[in-house]
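Participant: Handing you this structure, nothing more for now.
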Amino acid sequence: MNDSVDSRNLAIGIIILSQSTVGVLGNLSLLSYYVIRCYSECTLKPTDWILTHLIIANSLTILSGGILHTMALFKLKQFFNNFECKLILYVHRLGRCVSVGTTCLLSVFQATIISPSNSCCKNLKAKVPKYTGLCIFFCWVLYMVVNSIFPVYLYSKLNRNNLTIESVFHHCGIIDRSEITGSLYTAFIVIPEVLFSFLMAWSSSSMVLFLHRHKEQTKHIHSSNVSHRKSPESRATQNILALVSTFLTFYTLSSVLQGFIALLSDPSWWLVNIPAIISLCFPTLSPFIVSRASTVPKFCFSWMRN
C-alpha cells in the first residue's frame with residue numbers, strides 16, 4: 001500500500017513540477033516582452049499594465065504553489081523552517097488573491113472601453129484608464145495587509161492520514177481552526193473572490209453582447225468588403241474573454257472540489273490531490289492565451305514549438 005501511495009505521489013509531483021516549469025517559463029517570457037517594450041517605448045497601455053501585474057501574480061502563485069505541493073508530495077518539509085514555510089504560504093496566498101483581482105480588473109476595464117457611447121458606462125470611458133494604476137496599487141497593498149493577518153486558512157475536515165499539503169501546514173505551525181479565523185477568512189478572502197467572479201461573469205457577458213451587436217451593425221460593411229480582418233479592439237476583447245473564461249472554469253472547478261473535501265469526513269486521495277493540479281492550470285495557461293494577441297510577438301513563445 002505504501003508503494004502504491006508513493007507512486008501516486010510521484011506521478012502528481014512530476015505533473016506539478018512540469019506545470020510549474022512551463023508556467024514559469026511562459027510568464028517570464030511574456031514579462032520580458034512587456035519590460036522591454038516599456039523600456040523602449042517608455043509607456044504601456046492600461047491593459048498591458050494590468051497584464052504585467054497579472055503575470056507577476058501568476059508567477060508568484062506558480063513558484064510558491066509548486067514548492068508547497070512538492071514539499072508535501074515528496075516529503076521535503078524538513079528543508080524549510082517555520083519562518084520559511086510561512087513566507088512561502090504568504091507569497092502563494094498573495095499571488096492568488098492579486099491574480100483574481102487583476103483578472104477581474106482586466107475584464108471590467110475592457111468591457112467599459114468597448115461599451116457603446118450610449119451605454120451606462122459612457123461616463124466612465126475617459127476616467128477608467130486614469131485610475132488603472134491606482135486600482136492595481138490598491139489591490140497589491142490591500143492583499144499584502146489582509147494576508148499578513150492570517151497566512152492561510154484550511155478546511156477543518158481534511159483527512160490527516162493522507163500525505164497532503166496539510167502536512168506542510170502542520171509543519172509550519174500555522175493551522176488555526178478557530179471560528180474567528182474562519183470568519184475573517186470568509187470576510188476578507190472568500191466573499192471578495194466570489195464578488196470578483198460575478199463581476200467577471202457580468203463583464204464577460206457584456207463584452208460578448210457588445211461584440212455581437214457590433215458584428216450585426218457592421219455586417220453590411222463586411223459583405224461589400226473583401227477584407228474580413230478583425231479590428232484590434234475585437235481581437236483584444238476576444239483574448240480577454242478567453243482569459244477570463246479560463247480563469248472562471250478552473251476557479252469554479254477548484255472551488256467545487258474543495259467544497260467536497262470540506263464536506264466529506266474521509267475524502268479520497270484523488271479528491272484531495274487533484275485540486276493541486278487544477279489550481280496551477282490558470283497561471284500556467286494564461287501567458288499562452290495572452291500571447292494570442294497581435295501585440296505580442298510570436299518569437300516570445302517560439303521555444304515551446306522547437
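Residues in the C-alpha cells are named by chain (A, B, ... in the order shown) and by number from 1 within that chain; ligands are numbered from 1 in the order shown.
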Leaving out Gly23 of chain A and any residue of its chain fewer than 5 positions from it, which residues lie within 8 Å of it when counting only C-alpha atoms, given as a list in words?

Facilitator: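 My reading of the contact set: Ser59, Ile62, Pro283, Thr284, Leu285 and Pro287 of chain A.
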
Participant: For segment 134-149 of chain A, please output as a VMD selection string all residues within 8 Å (counting only C-alpha atoms; exclusion window: fewer than 4 positions along the same chain).

Facilitator: chain A and resid 50 53 90 93 to 94 97 to 98 101 to 102 188

Participant: Please provide as a ChimeraX atom specification all residues within 12 Å of segment 239-241 of chain A, with the sequence filter that same-chain residues fewer than 5 positions apart are discarded (counting only C-alpha atoms).

Facilitator: /A:47-48,50-51,102-111,200-209,211,232-234,246-249,286-296
